[in-house]
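**Student:** Structure: query_0.cif, mmCIF, C-alpha atoms.
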data_input
#
loop_
_atom_site.label_atom_id
_atom_site.label_comp_id
_atom_site.auth_asym_id
_atom_site.auth_seq_id
_atom_site.Cartn_x
_atom_site.Cartn_y
_atom_site.Cartn_z
CA MET A 1 -2.05 -27.75 -11.97
CA GLU A 2 -1.03 -30.86 -13.93
CA ILE A 3 0.07 -33.54 -11.49
CA ASN A 4 0.92 -37.07 -12.53
CA LYS A 5 -1.31 -39.30 -10.44
CA GLU A 6 1.09 -42.22 -10.08
CA ASP A 7 3.93 -39.84 -9.33
CA PHE A 8 1.86 -38.31 -6.53
CA LEU A 9 1.09 -41.74 -5.08
CA ALA A 10 4.80 -42.60 -5.08
CA ASN A 11 5.64 -39.33 -3.33
CA PHE A 12 2.86 -39.91 -0.82
CA LYS A 13 4.19 -43.39 0.01
CA ASP A 14 7.72 -42.01 0.42
CA VAL A 15 6.58 -40.01 3.42
CA PHE A 16 5.92 -43.15 5.46
CA ASP A 17 8.63 -44.98 7.39
CA GLU A 18 6.91 -47.75 9.31
CA THR A 19 3.90 -48.54 7.14
CA ASP A 20 3.87 -51.32 4.53
CA VAL A 21 3.37 -48.89 1.64
CA THR A 22 2.37 -51.63 -0.79
CA THR A 23 -0.98 -51.52 1.00
CA ILE A 24 -1.46 -47.82 0.19
CA ASP A 25 -3.54 -46.93 -2.86
CA PHE A 26 -5.84 -44.07 -3.85
CA ASP A 27 -8.69 -45.45 -1.75
CA THR A 28 -6.62 -45.68 1.44
CA VAL A 29 -8.11 -43.65 4.29
CA PHE A 30 -4.72 -42.32 5.33
CA LYS A 31 -5.76 -41.01 8.72
CA ASN A 32 -6.57 -44.59 9.75
CA LEU A 33 -2.98 -45.73 9.20
CA ASP A 34 -1.19 -46.47 12.48
CA GLU A 35 1.69 -44.22 11.54
CA TRP A 36 -0.52 -41.22 10.80
CA ASP A 37 -0.15 -38.33 13.25
CA SER A 38 0.14 -34.56 13.20
CA MET A 39 3.89 -34.77 12.57
CA LEU A 40 3.34 -36.93 9.51
CA ALA A 41 0.80 -34.38 8.27
CA LEU A 42 3.60 -31.81 8.29
CA THR A 43 5.73 -34.13 6.17
CA ILE A 44 2.88 -34.35 3.63
CA ILE A 45 2.70 -30.53 3.53
CA ALA A 46 6.47 -30.38 3.08
CA MET A 47 6.27 -32.93 0.24
CA ALA A 48 3.58 -30.90 -1.57
CA ASP A 49 5.70 -27.76 -1.23
CA ASP A 50 8.91 -29.47 -2.25
CA GLU A 51 7.65 -31.58 -5.15
CA TYR A 52 4.90 -29.36 -6.55
CA GLY A 53 5.42 -25.89 -5.04
CA ILE A 54 1.86 -26.10 -3.67
CA LYS A 55 0.79 -24.80 -0.25
CA LEU A 56 -1.53 -27.22 1.54
CA THR A 57 -3.46 -25.78 4.48
CA GLY A 58 -4.57 -27.49 7.67
CA GLN A 59 -8.11 -27.41 6.31
CA ASP A 60 -6.99 -29.20 3.10
CA ILE A 61 -5.62 -32.07 5.20
CA ARG A 62 -8.59 -32.14 7.58
CA SER A 63 -11.15 -32.23 4.75
CA SER A 64 -9.39 -35.06 2.93
CA SER A 65 -10.08 -38.63 3.84
CA THR A 66 -8.53 -40.80 1.12
CA VAL A 67 -5.28 -40.41 -0.81
CA ASN A 68 -7.41 -39.60 -3.84
CA ASP A 69 -9.09 -36.72 -1.94
CA LEU A 70 -5.70 -35.23 -1.30
CA TYR A 71 -4.69 -35.68 -4.91
CA GLU A 72 -7.86 -33.83 -6.01
CA VAL A 73 -7.09 -30.97 -3.59
CA LEU A 74 -3.58 -30.61 -5.01
CA LYS A 75 -4.75 -30.87 -8.60
CA ASN A 76 -7.29 -28.08 -8.09
CA LYS A 77 -4.85 -25.62 -6.48
CA MET B 1 6.70 -3.29 -1.69
CA ALA B 2 7.67 -2.97 1.96
CA PHE B 3 11.41 -2.59 1.56
CA LEU B 4 13.11 -0.20 3.92
CA LYS B 5 16.63 1.18 4.38
CA ILE B 6 17.48 2.72 7.73
CA ASP B 7 20.56 4.93 7.99
CA HIS B 8 22.62 6.13 10.93
CA VAL B 9 21.41 3.62 13.52
CA LYS B 10 23.43 0.73 14.94
CA ILE B 11 23.03 -2.07 17.45
CA VAL B 12 25.37 -1.67 20.42
CA GLY B 13 24.26 -4.40 22.82
CA ILE B 14 22.00 -7.40 23.38
CA SER B 15 20.90 -9.15 26.58
CA ALA B 16 18.41 -11.87 27.44
CA CYS B 17 16.61 -13.15 30.52
CA VAL B 18 14.78 -16.46 30.99
CA PRO B 19 12.96 -18.10 33.90
CA LYS B 20 15.05 -20.58 35.87
CA LEU B 21 12.49 -23.38 35.68
CA SER B 22 13.15 -25.65 32.72
CA GLU B 23 10.39 -28.10 31.76
CA GLU B 24 11.48 -31.22 29.88
CA ASN B 25 9.41 -32.56 26.99
CA LEU B 26 10.54 -36.19 27.08
CA ASN B 27 8.19 -37.15 29.90
CA ASN B 28 5.82 -34.24 29.47
CA PRO B 29 2.36 -35.46 30.65
CA VAL B 30 0.75 -33.68 27.68
CA PHE B 31 1.92 -36.61 25.50
CA LEU B 32 0.89 -40.23 25.41
CA PRO B 33 3.72 -42.51 26.59
CA ASN B 34 6.64 -42.53 24.09
CA ASN B 35 5.21 -39.65 22.04
CA GLY B 36 7.53 -37.16 23.72
CA GLU B 37 10.47 -38.73 21.93
CA ASP B 38 8.80 -38.36 18.52
CA PHE B 39 7.91 -34.77 19.31
CA ILE B 40 11.52 -33.95 20.20
CA LYS B 41 12.76 -35.67 17.05
CA THR B 42 10.51 -33.52 14.86
CA THR B 43 10.60 -30.18 16.67
CA GLY B 44 14.06 -30.27 18.26
CA ILE B 45 12.53 -28.90 21.46
CA LYS B 46 13.86 -30.88 24.43
CA ALA B 47 12.92 -28.31 27.05
CA LYS B 48 11.59 -24.82 27.50
CA ARG B 49 11.55 -22.25 30.29
CA ILE B 50 8.42 -21.58 32.31
CA ALA B 51 7.81 -18.34 34.20
CA SER B 52 6.36 -18.56 37.69
CA ALA B 53 2.95 -17.02 38.37
CA ASP B 54 4.45 -13.71 39.53
CA VAL B 55 6.80 -13.25 36.55
CA CYS B 56 5.55 -11.40 33.46
CA THR B 57 7.26 -10.44 30.21
CA SER B 58 7.99 -7.03 31.73
CA ASP B 59 9.92 -8.66 34.59
CA LEU B 60 12.08 -10.67 32.18
CA CYS B 61 12.68 -7.56 30.05
CA PHE B 62 13.36 -5.41 33.11
CA VAL B 63 16.15 -7.69 34.32
CA ALA B 64 17.66 -7.93 30.83
CA ALA B 65 17.44 -4.15 30.28
CA ASP B 66 18.76 -3.24 33.74
CA LYS B 67 21.88 -5.37 33.20
CA LEU B 68 22.41 -4.11 29.66
CA LEU B 69 22.11 -0.45 30.72
CA ASP B 70 24.70 -1.04 33.47
CA ASP B 71 27.09 -2.84 31.14
CA LEU B 72 26.70 -0.19 28.43
CA LYS B 73 27.34 2.48 31.09
CA TRP B 74 24.53 4.54 29.59
CA ASP B 75 23.14 7.40 31.61
CA ARG B 76 19.50 6.27 31.98
CA SER B 77 18.24 9.78 31.36
CA GLU B 78 19.64 9.54 27.82
CA VAL B 79 17.29 6.77 26.67
CA ASP B 80 14.99 8.55 24.22
CA VAL B 81 12.86 5.63 23.06
CA LEU B 82 11.66 2.40 24.63
CA LEU B 83 9.82 -0.02 22.34
CA VAL B 84 8.25 -3.13 23.84
CA VAL B 85 7.17 -5.93 21.52
CA THR B 86 4.95 -8.40 23.34
CA GLN B 87 1.66 -10.26 23.08
CA THR B 88 1.63 -11.06 26.77
CA PRO B 89 1.59 -7.61 28.40
CA ASP B 90 1.07 -7.11 32.14
CA TYR B 91 -2.32 -5.50 31.49
CA ILE B 92 -4.78 -4.95 28.65
CA LEU B 93 -3.92 -1.33 29.37
CA PRO B 94 -1.72 0.60 30.04
CA VAL B 95 1.19 -0.23 27.75
CA THR B 96 4.09 -2.25 29.14
CA SER B 97 6.57 0.37 27.88
CA ALA B 98 5.17 2.81 30.44
CA LEU B 99 5.69 0.30 33.24
CA LEU B 100 9.26 -0.32 32.14
CA GLN B 101 10.07 3.38 31.63
CA SER B 102 9.29 4.02 35.26
CA ARG B 103 10.84 0.85 36.66
CA LEU B 104 14.09 1.29 34.72
CA GLY B 105 14.35 4.89 35.90
CA LEU B 106 14.23 6.36 32.41
CA SER B 107 13.44 9.99 31.70
CA GLU B 108 9.90 11.28 31.23
CA GLU B 109 11.25 12.62 27.93
CA CYS B 110 11.22 9.07 26.59
CA LEU B 111 8.98 7.76 23.85
CA GLY B 112 7.23 4.61 25.06
CA ILE B 113 5.68 2.38 22.41
CA ASP B 114 4.12 -1.08 22.56
CA SER B 115 3.82 -3.31 19.53
CA PRO B 116 1.77 -6.48 19.95
CA LEU B 117 3.53 -8.72 17.43
CA GLY B 118 4.86 -12.24 17.95
CA CYS B 119 7.26 -14.26 15.84
CA SER B 120 7.93 -11.44 13.35
CA GLY B 121 8.19 -8.91 16.19
CA TYR B 122 11.95 -8.63 16.52
CA VAL B 123 12.41 -7.66 12.88
CA TYR B 124 9.43 -5.27 13.01
CA GLY B 125 10.74 -3.82 16.26
CA MET B 126 14.12 -3.12 14.68
CA ALA B 127 12.40 -1.39 11.77
CA ASN B 128 10.22 0.73 14.05
CA ILE B 129 12.95 1.81 16.44
CA GLY B 130 15.30 2.39 13.52
CA ALA B 131 12.72 4.57 11.79
CA VAL B 132 12.15 6.84 14.80
CA MET B 133 15.88 7.14 15.51
CA SER B 134 17.39 7.61 12.06
CA SER B 135 16.74 11.36 11.91
CA GLY B 136 19.08 11.87 14.86
CA LYS B 137 16.57 13.53 17.18
CA LEU B 138 16.30 10.41 19.34
CA ARG B 139 19.80 9.08 19.92
CA LYS B 140 19.53 6.10 22.24
CA GLY B 141 16.87 3.42 22.21
CA LEU B 142 15.96 0.10 23.77
CA LEU B 143 14.00 -2.61 21.99
CA CYS B 144 12.47 -5.06 24.49
CA VAL B 145 10.97 -8.23 23.03
CA GLY B 146 9.50 -11.24 24.71
CA ASP B 147 6.52 -13.25 25.77
CA THR B 148 5.28 -15.66 28.41
CA PRO B 149 3.28 -17.99 26.14
CA SER B 150 3.30 -20.65 28.89
CA LYS B 151 0.57 -18.56 30.54
CA SER B 152 -1.68 -18.61 27.48
CA VAL B 153 -1.54 -22.28 26.46
CA SER B 154 -3.90 -25.00 27.63
CA PRO B 155 -2.01 -27.57 29.75
CA THR B 156 -3.57 -30.41 27.72
CA ASP B 157 -2.91 -28.93 24.28
CA LYS B 158 0.00 -30.82 22.76
CA SER B 159 -0.13 -28.55 19.70
CA THR B 160 1.06 -25.58 21.80
CA GLN B 161 2.09 -26.49 25.37
CA PRO B 162 5.33 -28.35 24.53
CA LEU B 163 6.40 -25.86 21.83
CA PHE B 164 6.43 -22.52 23.59
CA GLY B 165 8.80 -21.16 26.20
CA ASP B 166 9.09 -17.86 28.07
CA ALA B 167 11.86 -15.32 27.54
CA GLY B 168 12.67 -11.63 27.29
CA ALA B 169 15.48 -9.95 25.36
CA VAL B 170 16.69 -6.39 25.01
CA THR B 171 18.62 -4.79 22.16
CA ALA B 172 20.25 -1.36 22.51
CA PHE B 173 20.49 1.03 19.55
CA GLU B 174 22.45 4.24 19.09
CA TYR B 175 22.34 7.00 16.54
CA ASP B 176 25.65 7.07 14.68
CA GLU B 177 26.24 8.92 11.43
CA THR B 178 28.93 6.43 10.46
CA ALA B 179 26.67 3.39 10.98
CA GLU B 180 26.17 1.13 7.97
CA PRO B 181 22.60 0.98 6.64
CA ILE B 182 20.14 -1.64 7.90
CA TYR B 183 17.90 -3.16 5.23
CA PHE B 184 14.41 -4.59 5.74
CA HIS B 185 11.70 -6.47 3.94
CA LEU B 186 8.38 -6.62 5.83
CA GLY B 187 5.00 -8.15 5.02
CA THR B 188 1.53 -8.98 6.34
CA ASP B 189 -1.27 -11.38 5.37
CA GLY B 190 -4.26 -10.97 7.67
CA SER B 191 -6.27 -13.53 5.71
CA GLY B 192 -4.40 -16.03 7.88
CA HIS B 193 -5.25 -14.34 11.17
CA GLN B 194 -7.10 -17.39 12.46
CA SER B 195 -4.08 -19.67 12.13
CA ILE B 196 -2.65 -18.41 15.44
CA ILE B 197 -5.22 -16.75 17.66
CA ILE B 198 -6.52 -16.23 21.17
CA PRO B 199 -10.18 -15.77 20.21
CA HIS B 200 -11.62 -14.27 23.42
CA GLY B 201 -10.52 -11.49 25.74
CA GLY B 202 -10.33 -8.68 23.18
CA TYR B 203 -13.34 -6.62 22.17
CA ARG B 204 -14.56 -8.79 19.27
CA ASN B 205 -15.33 -11.51 21.81
CA PRO B 206 -15.14 -9.85 25.23
CA THR B 207 -14.37 -12.13 28.15
CA SER B 208 -17.57 -13.74 29.40
CA LEU B 209 -18.51 -16.94 31.15
CA ALA B 210 -18.58 -18.63 27.74
CA SER B 211 -14.88 -17.79 27.33
CA PHE B 212 -13.99 -20.29 30.03
CA GLU B 213 -16.04 -23.16 28.70
CA ILE B 214 -13.58 -25.97 28.01
CA LYS B 215 -14.08 -27.56 24.62
CA ASN B 216 -12.64 -30.83 23.40
CA TYR B 217 -10.82 -30.61 20.07
CA GLY B 218 -10.08 -34.34 19.79
CA ASP B 219 -6.81 -36.16 20.36
CA GLY B 220 -6.98 -35.30 24.06
CA ILE B 221 -6.78 -31.57 23.39
CA ASP B 222 -8.98 -29.47 25.68
CA ARG B 223 -8.96 -25.71 25.52
CA ASN B 224 -11.01 -22.68 26.50
CA SER B 225 -11.45 -19.60 24.30
CA CYS B 226 -8.95 -17.45 26.20
CA GLN B 227 -6.19 -19.91 25.41
CA LEU B 228 -3.82 -19.97 22.47
CA GLU B 229 -5.07 -21.77 19.39
CA LEU B 230 -2.55 -22.82 16.74
CA ASP B 231 -3.19 -24.48 13.39
CA GLY B 232 0.22 -26.12 13.17
CA MET B 233 -0.35 -27.33 9.61
CA ASP B 234 -1.26 -23.86 8.31
CA VAL B 235 1.67 -22.25 10.06
CA PHE B 236 4.08 -24.89 8.83
CA SER B 237 2.88 -24.44 5.27
CA PHE B 238 3.14 -20.66 5.60
CA GLY B 239 6.62 -20.75 7.15
CA ILE B 240 8.29 -23.05 4.65
CA SER B 241 7.02 -21.02 1.72
CA LYS B 242 7.14 -17.43 3.06
CA ALA B 243 10.43 -17.39 4.99
CA PRO B 244 12.66 -18.36 2.03
CA LYS B 245 10.76 -15.91 -0.18
CA THR B 246 11.24 -12.90 2.11
CA VAL B 247 14.93 -13.68 2.63
CA ASN B 248 15.47 -13.97 -1.11
CA ALA B 249 13.46 -10.79 -1.74
CA LEU B 250 15.74 -8.81 0.58
CA LEU B 251 18.95 -10.32 -0.82
CA ASP B 252 17.83 -9.55 -4.38
CA LYS B 253 16.57 -6.04 -3.70
CA TYR B 254 19.77 -4.80 -2.08
CA ALA B 255 22.21 -7.06 -3.98
CA ILE B 256 23.38 -8.68 -0.74
CA VAL B 257 25.75 -11.56 -1.44
CA LYS B 258 24.51 -14.59 0.49
CA GLU B 259 28.02 -15.97 0.91
CA GLU B 260 29.14 -12.78 2.63
CA VAL B 261 26.51 -13.03 5.37
CA ASP B 262 28.08 -14.57 8.48
CA TYR B 263 24.90 -15.85 10.16
CA PHE B 264 21.26 -16.38 9.28
CA VAL B 265 19.17 -16.33 12.46
CA PHE B 266 15.59 -17.47 11.95
CA HIS B 267 12.68 -17.29 14.31
CA GLN B 268 12.86 -20.59 16.18
CA ALA B 269 9.55 -22.21 15.22
CA ASN B 270 10.41 -25.90 15.19
CA MET B 271 13.38 -27.82 13.84
CA MET B 272 11.56 -29.49 10.97
CA MET B 273 10.26 -26.15 9.68
CA ASN B 274 13.55 -24.33 10.25
CA LYS B 275 15.66 -27.04 8.59
CA MET B 276 13.38 -26.98 5.60
CA ILE B 277 13.69 -23.20 5.29
CA ALA B 278 17.49 -23.37 5.54
CA LYS B 279 17.57 -26.16 2.96
CA LYS B 280 15.43 -24.21 0.49
CA LEU B 281 17.80 -21.26 0.86
CA LYS B 282 20.79 -23.62 0.46
CA LEU B 283 22.44 -22.27 3.60
CA PRO B 284 25.45 -24.04 5.11
CA GLU B 285 24.56 -25.57 8.49
CA GLU B 286 27.28 -23.70 10.37
CA LYS B 287 25.72 -20.37 9.42
CA VAL B 288 22.31 -21.20 10.90
CA PRO B 289 22.27 -21.29 14.72
CA TYR B 290 19.47 -22.88 16.78
CA SER B 291 18.45 -22.50 20.41
CA LEU B 292 15.28 -24.60 20.08
CA SER B 293 16.65 -27.50 22.06
CA SER B 294 16.82 -25.64 25.40
CA TYR B 295 14.37 -22.77 24.97
CA GLY B 296 11.72 -23.82 22.43
CA ASN B 297 9.73 -21.18 20.59
CA THR B 298 9.87 -17.97 22.63
CA SER B 299 7.88 -15.83 20.17
CA SER B 300 9.49 -12.42 19.51
CA ALA B 301 12.51 -13.28 21.68
CA THR B 302 13.81 -16.22 19.63
CA ILE B 303 16.22 -14.27 17.40
CA PRO B 304 18.11 -12.27 20.07
CA LEU B 305 17.96 -15.24 22.49
CA THR B 306 19.57 -17.49 19.87
CA MET B 307 22.27 -14.88 19.23
CA VAL B 308 23.13 -14.55 22.91
CA SER B 309 22.89 -18.25 23.73
CA GLU B 310 24.75 -19.56 20.69
CA LEU B 311 27.09 -16.78 19.55
CA LYS B 312 27.89 -14.56 22.53
CA GLU B 313 31.71 -14.49 22.10
CA ASN B 314 31.39 -13.75 18.39
CA LEU B 315 29.00 -10.90 19.13
CA GLN B 316 31.42 -9.43 21.64
CA GLN B 317 34.61 -9.83 19.63
CA LYS B 318 33.89 -9.76 15.93
CA LYS B 319 32.53 -7.68 13.13
CA LEU B 320 29.65 -9.69 11.69
CA SER B 321 26.91 -9.40 9.12
CA TRP B 322 23.54 -10.94 9.81
CA ILE B 323 20.25 -11.87 8.27
CA PHE B 324 17.40 -12.16 10.78
CA CYS B 325 14.06 -13.53 9.63
CA GLY B 326 10.86 -13.70 11.68
CA PHE B 327 7.52 -15.15 10.58
CA GLY B 328 4.27 -16.14 12.25
CA VAL B 329 1.19 -14.79 13.99
CA GLY B 330 -0.70 -12.16 11.97
CA LEU B 331 0.27 -13.59 9.65
CA SER B 332 3.28 -11.33 9.58
CA TRP B 333 6.89 -11.68 8.47
CA GLY B 334 10.08 -9.72 8.06
CA THR B 335 13.74 -10.05 7.15
CA VAL B 336 16.58 -7.70 8.05
CA PHE B 337 20.21 -7.39 7.04
CA ALA B 338 22.37 -5.69 9.64
CA LYS B 339 25.98 -5.57 10.79
CA THR B 340 27.33 -5.65 14.33
CA GLU B 341 30.75 -5.07 15.84
CA ASN B 342 31.99 -5.71 19.38
CA LEU B 343 28.60 -5.66 21.07
CA VAL B 344 28.02 -5.47 24.78
CA CYS B 345 26.49 -8.87 25.45
CA PRO B 346 26.13 -10.17 29.00
CA ASP B 347 25.48 -13.84 29.81
CA ILE B 348 21.86 -14.96 29.72
CA ILE B 349 20.31 -14.11 33.07
CA GLU B 350 18.03 -16.58 34.89
CA ILE B 351 15.43 -15.41 37.36
#
Take the structure in the file and write it out as structure tokens.
**Tutor:**
Amino acid sequence: MEINKEDFLANFKDVFDETDVTTIDFDTVFKNLDEWDSMLALTIIAMADDEYGIKLTGQDIRSSSTVNDLYEVLKNK
Amino acid sequence: MAFLKIDHVKIVGISACVPKLSEENLNNPVFLPNNGEDFIKTTGIKAKRIASADVCTSDLCFVAADKLLDDLKWDRSEVDVLLVVTQTPDYILPVTSALLQSRLGLSEECLGIDSPLGCSGYVYGMANIGAVMSSGKLRKGLLCVGDTPSKSVSPTDKSTQPLFGDAGAVTAFEYDETAEPIYFHLGTDGSGHQSIIIPHGGYRNPTSLASFEIKNYGDGIDRNSCQLELDGMDVFSFGISKAPKTVNALLDKYAIVKEEVDYFVFHQANMMMNKMIAKKLKLPEEKVPYSLSSYGNTSSATIPLTMVSELKENLQQKKLSWIFCGFGVGLSWGTVFAKTENLVCPDIIEI
């Protein structure tokens, strides 16, 4: 599926409340962010469903390390 | 396509029974300090009921059924079918419906069926009992649903322990040629069977010493292989996409006007998932009741428990049309459109 990369990054940043999102880029290892937890993972899944109509699985999240990894997963669905 | 129309069967009563012991999540030791608050914010589950060691699903269903039979003033010998939907039976065998048939004093001329489904189980149970009753040969039926998931979760598993509560609920059905049809949409996707699973204790992985080996799954989660395993991310993803689809499929198929449905009762999974489903379906908040806050996710009992806990007076006094939608373990899902009028509906019983 065609997904605008910058658009995805903006949507990804929107999910965070407490993190300084200016520090988030495609190389960010998102699981290392203080705010990251299993609840936030659900918000990412909801965002993918809402914005792109794509179903992310638990395995998709677990196998991704950076924001770019997640973008690649989405793009290839 | 698994659409189904059941004629000549109606709901006449609903009852529910929960354990007295309520366990709060705010200071639940399964969480790190302060994490309980975040959990409650996301899931909406402030507390859930926990059955004592000597209380099984059959005990909760027995109490609910006994009261409902009394209030309905049914002659117990007239109950032709007893369907029990549970994943936490008393025994691997025999079926729980046999135990309840005897304990409730029902006739030997009573069909006893067990159906081991979870979150979709209430809708499936309605379809199954409706199907065996609609020909008019079996005229009175009880659908017992419920689970004691608190007995199958690991006490250190924050992905399951704080979510699930114990409950039993009973719905009474009667054959009635003037009853309005009940409409169903049902589905299954076994490719997701590992998303919610108890891996050992069946015959694929019979119980052995290895079953009790406690493994660490990170994040403080320890679990053995006879305990419930839940991939919350998979189930969330499944729920927010499948539940709106099955509801819309049913509405479209039978030209049901969404605005004319009085209440949409969803399986109570967690608030974030349920709110998202309601939002996707553009449902007004007042038409979507929740009982998550006090009871959590009680598996197949969530739909009738929510009806009794949130809408008892309406059930007793009004003519209402309903959509019920269950989705989860299997993976399995179902939606039903049904009407009720002046049901017998006792207060929730605590034991």
**Student:** Could you list, as a list of chain:residue names, every residue matched by the PyMOL selection byres ((chain B) within 8 of (chain A)) in this structure?
**Tutor:**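 Here the PyMOL selection byres ((chain B) within 8 of (chain A)) matches B:Phe39, B:Thr42, B:Asp231, B:Gly232, B:Met233, B:Asp234, B:Phe236, B:Ser237, B:Phe238, B:Ile240, B:Ser241.
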**Student:** I want to know what sits within 8 Å of region 27-33 of chain A, based on all atoms listed in the file, with residues of the same chain fewer than 4 positions away left out; could you give that as an MDAnalysis selection string?
**Tutor:** chainID A and resid 19 37 65:68
**Student:** Just C-alpha atoms for this one: save the residues we selected as a short mmCIF file (atom, residue, chain, number, x, y, z; two decimals), in the coordinates of the input.
**Tutor:**
data_model
loop_
_atom_site.label_atom_id
_atom_site.label_comp_id
_atom_site.auth_asym_id
_atom_site.auth_seq_id
_atom_site.Cartn_x
_atom_site.Cartn_y
_atom_site.Cartn_z
CA THR A 19 3.90 -48.54 7.14
CA ASP A 37 -0.15 -38.33 13.25
CA SER A 65 -10.08 -38.63 3.84
CA THR A 66 -8.53 -40.80 1.12
CA VAL A 67 -5.28 -40.41 -0.81
CA ASN A 68 -7.41 -39.60 -3.84
#
**Student:** Name the residues that the PyMOL selection byres ((chain B and resi 110) around 12) pulls out of this structure, and write them as an mmCIF file with C-alpha atoms, in the frame of the given file.
**Tutor:**
data_model
loop_
_atom_site.group_PDB
_atom_site.id
_atom_site.type_symbol
_atom_site.label_atom_id
_atom_site.label_comp_id
_atom_site.auth_asym_id
_atom_site.auth_seq_id
_atom_site.Cartn_x
_atom_site.Cartn_y
_atom_site.Cartn_z
ATOM 1 C CA ARG B 76 19.500 6.270 31.980
ATOM 2 C CA SER B 77 18.240 9.780 31.360
ATOM 3 C CA GLU B 78 19.640 9.540 27.820
ATOM 4 C CA VAL B 79 17.290 6.770 26.670
ATOM 5 C CA ASP B 80 14.990 8.550 24.220
ATOM 6 C CA VAL B 81 12.860 5.630 23.060
ATOM 7 C CA LEU B 82 11.660 2.400 24.630
ATOM 8 C CA LEU B 83 9.820 -0.020 22.340
ATOM 9 C CA SER B 97 6.570 0.370 27.880
ATOM 10 C CA ALA B 98 5.170 2.810 30.440
ATOM 11 C CA LEU B 100 9.260 -0.320 32.140
ATOM 12 C CA GLN B 101 10.070 3.380 31.630
ATOM 13 C CA SER B 102 9.290 4.020 35.260
ATOM 14 C CA LEU B 104 14.090 1.290 34.720
ATOM 15 C CA GLY B 105 14.350 4.890 35.900
ATOM 16 C CA LEU B 106 14.230 6.360 32.410
ATOM 17 C CA SER B 107 13.440 9.990 31.700
ATOM 18 C CA GLU B 108 9.900 11.280 31.230
ATOM 19 C CA GLU B 109 11.250 12.620 27.930
ATOM 20 C CA LEU B 111 8.980 7.760 23.850
ATOM 21 C CA GLY B 112 7.230 4.610 25.060
ATOM 22 C CA ILE B 113 5.680 2.380 22.410
ATOM 23 C CA LYS B 137 16.570 13.530 17.180
ATOM 24 C CA LEU B 138 16.300 10.410 19.340
ATOM 25 C CA ARG B 139 19.800 9.080 19.920
ATOM 26 C CA LYS B 140 19.530 6.100 22.240
ATOM 27 C CA GLY B 141 16.870 3.420 22.210
ATOM 28 C CA LEU B 142 15.960 0.100 23.770
#
**Student:** CA of Ala172 (chain B) to CA of Ser15 (chain B): how many Å, to one decimal?
**Tutor:**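 Those two atoms sit 8.8 Å apart.
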**Student:** Report as a list of chain:residue names the full result of the PyMOL selection byres ((chain B and resi 184) around 8) when it is applied to this structure.
**Tutor:**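 Against this file, the PyMOL selection byres ((chain B and resi 184) around 8) returns the residues B:Ala2, B:Phe3, B:Leu4, B:Lys5, B:Ala127, B:Ile182, B:Tyr183, B:His185, B:Leu186, B:Leu250, B:Gly334, B:Thr335, B:Val336, B:Phe337.
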**Student:** Taking (0.0, -16.2, 23.2) in the file's own coordinates, collect the residues within 6 Å, counting only C-alpha atoms, and hand them back as an NGL selection string.
**Tutor:** :B and (149 or 152 or 228)
**Student:** For a test of reading the model, state the distance in Å between CA of Ala210 (chain B) and CA of Ser225 (chain B), rounded to one decimal.
**Tutor:**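 Straight-line distance from CA of Ala210 (chain B) to CA of Ser225 (chain B) works out to 8.0 Å.
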**Student:** Looking at A:Ser64, A:Met1, A:Glu35, A:Tyr52, which one is nearest to Glu18 (chain A), with distances taken over only C-alpha atoms?
**Tutor:** A:Glu35
**Student:** Please list as an MDAnalysis selection string every residue within 9 Å of Tyr71 (chain A), counting only C-alpha atoms and excluding residues in the same chain fewer than 3 positions away.
**Tutor:** chainID A and resid 3 5 8:9 26 66:68 74:76
**Student:** What separation in Å, quoted to one decimal, exists between CA of Val84 (chain B) and CA of Gly187 (chain B)?
**Tutor:**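 Computing the Euclidean distance for CA of Val84 (chain B) and CA of Gly187 (chain B) yields 19.7 Å.
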**Student:** Can you tell me, as AutoDock Vina command-line options, the centre and edge lengths (Å, one decimal) of the axis-aligned box enclosing all of region 19-26 of chain B's listed atoms after padding each side by 5 Å?
**Tutor:**
--center_x 12.2 --center_y -27.1 --center_z 31.4 --size_x 15.6 --size_y 28.1 --size_z 18.9
**Student:** What residues have an atom no more than 10 Å from (27.7, -13.3, 19.3) in the file's own frame, counting only C-alpha atoms, and can you write them as a list in words?
**Tutor:**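 The residues that fall inside the cut-off are Ile14, Tyr263, Pro304, Thr306, Met307, Val308, Ser309, Glu310, Leu311, Lys312, Glu313, Asn314, Leu315, Gln316, Gln317, Lys318, Lys319, Leu320, Thr340, Glu341, Asn342, Leu343, Val344 and Cys345 of chain B.
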**Student:** Output C-alpha atoms of each residue in that selection to a file, as a short mmCIF file (atom, residue, chain, number, x, y, z; two decimals), keeping the file's coordinate frame.
**Tutor:**
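Once written, out_30.cif looks like this:
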data_model
loop_
_atom_site.label_atom_id
_atom_site.label_comp_id
_atom_site.auth_asym_id
_atom_site.auth_seq_id
_atom_site.Cartn_x
_atom_site.Cartn_y
_atom_site.Cartn_z
CA ILE B 14 22.00 -7.40 23.38
CA TYR B 263 24.90 -15.85 10.16
CA PRO B 304 18.11 -12.27 20.07
CA THR B 306 19.57 -17.49 19.87
CA MET B 307 22.27 -14.88 19.23
CA VAL B 308 23.13 -14.55 22.91
CA SER B 309 22.89 -18.25 23.73
CA GLU B 310 24.75 -19.56 20.69
CA LEU B 311 27.09 -16.78 19.55
CA LYS B 312 27.89 -14.56 22.53
CA GLU B 313 31.71 -14.49 22.10
CA ASN B 314 31.39 -13.75 18.39
CA LEU B 315 29.00 -10.90 19.13
CA GLN B 316 31.42 -9.43 21.64
CA GLN B 317 34.61 -9.83 19.63
CA LYS B 318 33.89 -9.76 15.93
CA LYS B 319 32.53 -7.68 13.13
CA LEU B 320 29.65 -9.69 11.69
CA THR B 340 27.33 -5.65 14.33
CA GLU B 341 30.75 -5.07 15.84
CA ASN B 342 31.99 -5.71 19.38
CA LEU B 343 28.60 -5.66 21.07
CA VAL B 344 28.02 -5.47 24.78
CA CYS B 345 26.49 -8.87 25.45
#
